[in-house]
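So the structure is just underneath, and the comments pick up after that.
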Amino acid sequence: MEKQYDVIIIGAGPAGLAAGLYAGRARLSTLIIEREKDGGQIVQTAEIDNYPGALPEESGSSLVSRMADQVQRFSVERVTDGVVSVQLSGTEKTIVCQKNTYRAKAVIVAAGASPAKIGCPGEEEFAGRGVSYCATCDGPFFTGLEVIVAGGGDAAVEEAVYLTRFARKVTVVHRRDQLRAAKSITERAFANEKITFVWNSVIDEIQGEGLINEIRIRNVITGEVTSMTPDPQDGVFGLFVFVGYRPQSGPFLEQLSHENGYLLTDESMRTNLPGVFAAGDIRKKSLRQVVTAVADGAIAAVEAGKYIEECQS
Ligand code: NAP
């Protein structure tokens, strides 16, 4: 019979790591299951300037590695494994993963979200060959070249500014005539001479031979399609896609209440099942930021501790 933990936390992004810190400090026997590497989406962010206490010019991966080191000080167990299915009702919760099965009295789902796709022809074909979802990972490949950024939210505009460190020119293609991004980020982008905007437009098709050498852009008001091709001297260019995120909630949806895949909780991070909590970007919430993810994680861990105590009394 496998060990039964007090708490299993699924996901080692900021929400999961904060939950681990609080659960570990409360001396709950705790396991964090993460299928890839720590950090979730935030490791893809080159600079965090809106998390209180972040060091100047600190990257997402640096912040996360400090969070992970802090968790390690409290005897929290860690495993790399991918969730396949879950049994979340009753007093013992079972998490079936690719390598092993894990059991706990309480579960905190902090599995986060992954980049949304545009869904246009060529996007899948050119992923990793010109289409990227991570500027910090792939920006340097486009040093001295032109890049296109799809989207108009915080991620798109912030990463467009970051990409100007490498690219000669950055064109932001946004489906409306107004950015969704915060004013401070927007102002930085508007002031940057390397950035231009194509408004009311979406990426319709990506073409090329091996690498991208044509991107078709459709004006959503007029329907007109224009073709963007790289400077002949460059031959190729890159497309960075930042059109939002989708919750990674697949294995939980049959048992947990959700709206469009985002798990529903009360303000104590309780889901519809006793002893099951959700934290971070996988929740339905109004502000998805590191600062709200860590707050969710802390609340979920404290509530999980209370739940376990109540079950024992
Ligand atoms: P977001 O805020 O949901 O913005 C997505 C953007 O993509 C929007 O501009 C949206 O257009 C556009 N879009 C969506 N689907 C599209 C499609 N199929 N084709 C073309 N454009 C499409 O997502 P995000 O920027 O990735 O940010 C996600 C969350 O993380 C947000 O809560 C954000 O505040 C947070 N975040 C914060 C920071 C920061 O504070 N430093 C940095 C990154 C992310 P519309 O505007 O027309 O809807």
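Chain labels follow the order of the structure tokens: the first chain is A, the next B, and so on; residue numbering restarts at 1 in every chain, and ligands are counted from 1 in their shown order.
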List every residue of chain A that has an atom at most 8 Å from any atom of ligand 1, and for each one report the closest atom pair and its distance in Å to one decimal, counting only C-alpha atoms and all ligand atoms, with rows sorted by chain and then by increasing residue number, as JSON lines.
{"residue": "A:Thr45", "atom": "CA", "partner": "ligand 1", "partner_atom_place_in_ligand_line": "42 (C)", "distance": 7.5}
{"residue": "A:Ile48", "atom": "CA", "partner": "ligand 1", "partner_atom_place_in_ligand_line": "41 (N)", "distance": 6.3}
{"residue": "A:Asp49", "atom": "CA", "partner": "ligand 1", "partner_atom_place_in_ligand_line": "41 (N)", "distance": 6.8}
{"residue": "A:Asn50", "atom": "CA", "partner": "ligand 1", "partner_atom_place_in_ligand_line": "41 (N)", "distance": 6.1}
{"residue": "A:Pro115", "atom": "CA", "partner": "ligand 1", "partner_atom_place_in_ligand_line": "26 (O)", "distance": 7.3}
{"residue": "A:Ala116", "atom": "CA", "partner": "ligand 1", "partner_atom_place_in_ligand_line": "15 (N)", "distance": 7.5}
{"residue": "A:Lys117", "atom": "CA", "partner": "ligand 1", "partner_atom_place_in_ligand_line": "18 (N)", "distance": 6.9}
{"residue": "A:Ile118", "atom": "CA", "partner": "ligand 1", "partner_atom_place_in_ligand_line": "18 (N)", "distance": 4.6}
{"residue": "A:Gly119", "atom": "CA", "partner": "ligand 1", "partner_atom_place_in_ligand_line": "18 (N)", "distance": 6.9}
{"residue": "A:Ala150", "atom": "CA", "partner": "ligand 1", "partner_atom_place_in_ligand_line": "21 (N)", "distance": 6.2}
{"residue": "A:Gly151", "atom": "CA", "partner": "ligand 1", "partner_atom_place_in_ligand_line": "7 (O)", "distance": 3.9}
{"residue": "A:Gly152", "atom": "CA", "partner": "ligand 1", "partner_atom_place_in_ligand_line": "9 (O)", "distance": 3.3}
{"residue": "A:Gly153", "atom": "CA", "partner": "ligand 1", "partner_atom_place_in_ligand_line": "25 (O)", "distance": 3.5}
{"residue": "A:Asp154", "atom": "CA", "partner": "ligand 1", "partner_atom_place_in_ligand_line": "25 (O)", "distance": 4.0}
{"residue": "A:Ala155", "atom": "CA", "partner": "ligand 1", "partner_atom_place_in_ligand_line": "43 (C)", "distance": 3.7}
{"residue": "A:Ala156", "atom": "CA", "partner": "ligand 1", "partner_atom_place_in_ligand_line": "25 (O)", "distance": 5.5}
{"residue": "A:Val157", "atom": "CA", "partner": "ligand 1", "partner_atom_place_in_ligand_line": "25 (O)", "distance": 7.6}
{"residue": "A:Glu158", "atom": "CA", "partner": "ligand 1", "partner_atom_place_in_ligand_line": "42 (C)", "distance": 6.5}
{"residue": "A:Val173", "atom": "CA", "partner": "ligand 1", "partner_atom_place_in_ligand_line": "20 (C)", "distance": 7.9}
{"residue": "A:His174", "atom": "CA", "partner": "ligand 1", "partner_atom_place_in_ligand_line": "21 (N)", "distance": 5.9}
{"residue": "A:Arg175", "atom": "CA", "partner": "ligand 1", "partner_atom_place_in_ligand_line": "21 (N)", "distance": 5.4}
{"residue": "A:Arg176", "atom": "CA", "partner": "ligand 1", "partner_atom_place_in_ligand_line": "47 (O)", "distance": 5.3}
{"residue": "A:Gln178", "atom": "CA", "partner": "ligand 1", "partner_atom_place_in_ligand_line": "46 (O)", "distance": 7.4}
{"residue": "A:Leu179", "atom": "CA", "partner": "ligand 1", "partner_atom_place_in_ligand_line": "46 (O)", "distance": 6.0}
{"residue": "A:Arg180", "atom": "CA", "partner": "ligand 1", "partner_atom_place_in_ligand_line": "46 (O)", "distance": 4.7}
{"residue": "A:Ala181", "atom": "CA", "partner": "ligand 1", "partner_atom_place_in_ligand_line": "2 (O)", "distance": 6.8}
{"residue": "A:Ala182", "atom": "CA", "partner": "ligand 1", "partner_atom_place_in_ligand_line": "40 (O)", "distance": 7.4}
{"residue": "A:Ser201", "atom": "CA", "partner": "ligand 1", "partner_atom_place_in_ligand_line": "20 (C)", "distance": 7.8}
{"residue": "A:Val202", "atom": "CA", "partner": "ligand 1", "partner_atom_place_in_ligand_line": "20 (C)", "distance": 5.4}
{"residue": "A:Ile203", "atom": "CA", "partner": "ligand 1", "partner_atom_place_in_ligand_line": "20 (C)", "distance": 7.1}
{"residue": "A:Phe242", "atom": "CA", "partner": "ligand 1", "partner_atom_place_in_ligand_line": "26 (O)", "distance": 5.4}
{"residue": "A:Val243", "atom": "CA", "partner": "ligand 1", "partner_atom_place_in_ligand_line": "7 (O)", "distance": 3.2}
{"residue": "A:Gly244", "atom": "CA", "partner": "ligand 1", "partner_atom_place_in_ligand_line": "23 (O)", "distance": 3.4}
{"residue": "A:Tyr245", "atom": "CA", "partner": "ligand 1", "partner_atom_place_in_ligand_line": "26 (O)", "distance": 5.8}
{"residue": "A:Ser286", "atom": "CA", "partner": "ligand 1", "partner_atom_place_in_ligand_line": "32 (O)", "distance": 7.4}
{"residue": "A:Leu287", "atom": "CA", "partner": "ligand 1", "partner_atom_place_in_ligand_line": "32 (O)", "distance": 5.2}
{"residue": "A:Arg288", "atom": "CA", "partner": "ligand 1", "partner_atom_place_in_ligand_line": "32 (O)", "distance": 4.1}
{"residue": "A:Gln289", "atom": "CA", "partner": "ligand 1", "partner_atom_place_in_ligand_line": "35 (C)", "distance": 5.4}
Contacts of segment 68-135 of chain A with segment 217-241 of chain A up to 10 Å, shortest pair per row, only C-alpha atoms, as a tab-separated table:
residue	atom	partner	partner_atom	distance
A:Pro115	CA	A:Val241	CA	8.3
A:Ala116	CA	A:Val241	CA	8.3
A:Lys117	CA	A:Val241	CA	7.3
A:Ile118	CA	A:Val241	CA	7.4
A:Glu123	CA	A:Leu239	CA	9.3
A:Phe126	CA	A:Leu239	CA	9.4
A:Ala127	CA	A:Leu239	CA	9.3
A:Gly128	CA	A:Gly238	CA	9.9
A:Arg129	CA	A:Gly238	CA	8.3
A:Gly130	CA	A:Gly238	CA	4.6
A:Val131	CA	A:Leu239	CA	4.8
A:Ser132	CA	A:Phe240	CA	4.9
A:Tyr133	CA	A:Val241	CA	5.2
A:Cys134	CA	A:Phe240	CA	7.2
A:Ala135	CA	A:Phe240	CA	7.0
Pull N, CA and C atoms from the residues just selected and write them as a PDB file, in the first residue's frame.
ATOM      1  N   PRO A 115      -0.393  27.911 -22.861  1.00  0.00           N
ATOM      2  CA  PRO A 115      -0.687  28.911 -23.884  1.00  0.00           C
ATOM      3  C   PRO A 115      -1.795  28.491 -24.843  1.00  0.00           C
ATOM      4  N   ALA A 116      -2.693  29.423 -25.124  1.00  0.00           N
ATOM      5  CA  ALA A 116      -3.743  29.172 -26.118  1.00  0.00           C
ATOM      6  C   ALA A 116      -3.130  29.260 -27.512  1.00  0.00           C
ATOM      7  N   LYS A 117      -3.739  28.579 -28.454  1.00  0.00           N
ATOM      8  CA  LYS A 117      -3.264  28.601 -29.840  1.00  0.00           C
ATOM      9  C   LYS A 117      -4.154  29.540 -30.656  1.00  0.00           C
ATOM     10  N   ILE A 118      -3.597  30.063 -31.735  1.00  0.00           N
ATOM     11  CA  ILE A 118      -4.407  30.885 -32.648  1.00  0.00           C
ATOM     12  C   ILE A 118      -5.410  29.978 -33.360  1.00  0.00           C
ATOM     13  N   GLU A 123       0.015  26.873 -37.949  1.00  0.00           N
ATOM     14  CA  GLU A 123       0.513  27.131 -36.590  1.00  0.00           C
ATOM     15  C   GLU A 123       1.185  25.888 -35.998  1.00  0.00           C
ATOM     16  N   PHE A 126       4.477  24.840 -37.928  1.00  0.00           N
ATOM     17  CA  PHE A 126       5.678  25.661 -37.733  1.00  0.00           C
ATOM     18  C   PHE A 126       6.029  25.890 -36.260  1.00  0.00           C
ATOM     19  N   ALA A 127       5.313  25.202 -35.354  1.00  0.00           N
ATOM     20  CA  ALA A 127       5.655  25.326 -33.926  1.00  0.00           C
ATOM     21  C   ALA A 127       7.090  24.838 -33.738  1.00  0.00           C
ATOM     22  N   GLY A 128       7.915  25.675 -33.122  1.00  0.00           N
ATOM     23  CA  GLY A 128       9.323  25.307 -32.938  1.00  0.00           C
ATOM     24  C   GLY A 128      10.173  25.565 -34.180  1.00  0.00           C
ATOM     25  N   ARG A 129       9.536  25.985 -35.260  1.00  0.00           N
ATOM     26  CA  ARG A 129      10.282  26.306 -36.489  1.00  0.00           C
ATOM     27  C   ARG A 129       9.884  27.702 -36.955  1.00  0.00           C
ATOM     28  N   GLY A 130       9.725  28.582 -35.985  1.00  0.00           N
ATOM     29  CA  GLY A 130       9.351  29.965 -36.286  1.00  0.00           C
ATOM     30  C   GLY A 130       8.175  30.419 -35.455  1.00  0.00           C
ATOM     31  N   VAL A 131       7.279  29.480 -35.096  1.00  0.00           N
ATOM     32  CA  VAL A 131       6.167  29.839 -34.201  1.00  0.00           C
ATOM     33  C   VAL A 131       6.590  29.492 -32.777  1.00  0.00           C
ATOM     34  N   SER A 132       6.496  30.485 -31.886  1.00  0.00           N
ATOM     35  CA  SER A 132       6.920  30.281 -30.499  1.00  0.00           C
ATOM     36  C   SER A 132       5.871  30.817 -29.536  1.00  0.00           C
ATOM     37  N   TYR A 133       5.847  30.232 -28.332  1.00  0.00           N
ATOM     38  CA  TYR A 133       4.945  30.702 -27.270  1.00  0.00           C
ATOM     39  C   TYR A 133       5.767  31.218 -26.090  1.00  0.00           C
ATOM     40  N   CYS A 134       7.061  31.421 -26.305  1.00  0.00           N
ATOM     41  CA  CYS A 134       7.949  31.813 -25.200  1.00  0.00           C
ATOM     42  C   CYS A 134       9.071  32.717 -25.717  1.00  0.00           C
ATOM     43  N   ALA A 135       8.974  34.013 -25.387  1.00  0.00           N
ATOM     44  CA  ALA A 135       9.977  34.965 -25.876  1.00  0.00           C
ATOM     45  C   ALA A 135      11.326  34.758 -25.198  1.00  0.00           C
TER      46      ALA A 135
END
- Item | Test item, alpha helix (DSSP H) assignment across segment 26-242 of chain A, answer as a count of residues only | 35
Return as a tab-separated table the residues of segment 96-161 of chain A lying at most 7 Å from segment 68-81 of chain A, together with the closest atom-to-atom pair for each and the distance in Å to one decimal, counting only C-alpha atoms, with rows in chain order and ascending residue number.
residue	atom	partner	partner_atom	distance
A:Cys97	CA	A:Asp81	CA	6.1
A:Gln98	CA	A:Asp81	CA	6.2
A:Lys99	CA	A:Asp81	CA	6.2
Output the selection as a PDB file, in the first residue's frame - C-alpha atoms for each residue.
ATOM      1  CA  CYS A  97       0.016   9.262 -12.507  1.00  0.00           C
ATOM      2  CA  GLN A  98       2.114   7.891 -15.366  1.00  0.00           C
ATOM      3  CA  LYS A  99       4.763   6.417 -13.051  1.00  0.00           C
TER       4      LYS A  99
END
- Measure the distance from atom CA of Ser29 of chain A to atom CA of Val84 of chain A in Å and round it to one decimal. 22.5 Å
- Skipping near chain neighbours, those fewer than 2 positions away, what residues fall within 9 Å of Val83 of chain A using only C-alpha atoms, listed as a list in words?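 The residues satisfying every condition are Ile10, Ile33, Glu34, Arg35, Asp81, Ser85, Val86, Ile95, Val96, Cys97, Gln98 and Pro251 of chain A.
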- Item | Å distance separating atom CA of Glu146 of chain A from atom CA of Lys194 of chain A, one decimal place |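 So the two atoms, atom CA of Glu146 of chain A and atom CA of Lys194 of chain A, lie 9.8 Å apart.
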- Task: Go ahead and compute the interatomic distance for atom CA of Lys169 of chain A and atom CA of Leu55 of chain A, in Å to one decimal.
- Result: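 Straight-line distance from atom CA of Lys169 of chain A to atom CA of Leu55 of chain A works out to 28.9 Å.
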Counting only C-alpha atoms, give me one row per residue of segment 110-212 of chain A with an atom at most 12 Å from an atom of segment 255-277 of chain A, showing the shortest contact pair and its distance in Å to one decimal, sorted by chain then residue number, as a Markdown table.
| residue | atom | partner | partner_atom | distance |
| --- | --- | --- | --- | --- |
| A:Ala110 | CA | A:Phe277 | CA | 8.6 |
| A:Ala111 | CA | A:Leu263 | CA | 10.7 |
| A:Gly112 | CA | A:Tyr262 | CA | 9.6 |
| A:Ala113 | CA | A:Tyr262 | CA | 9.3 |
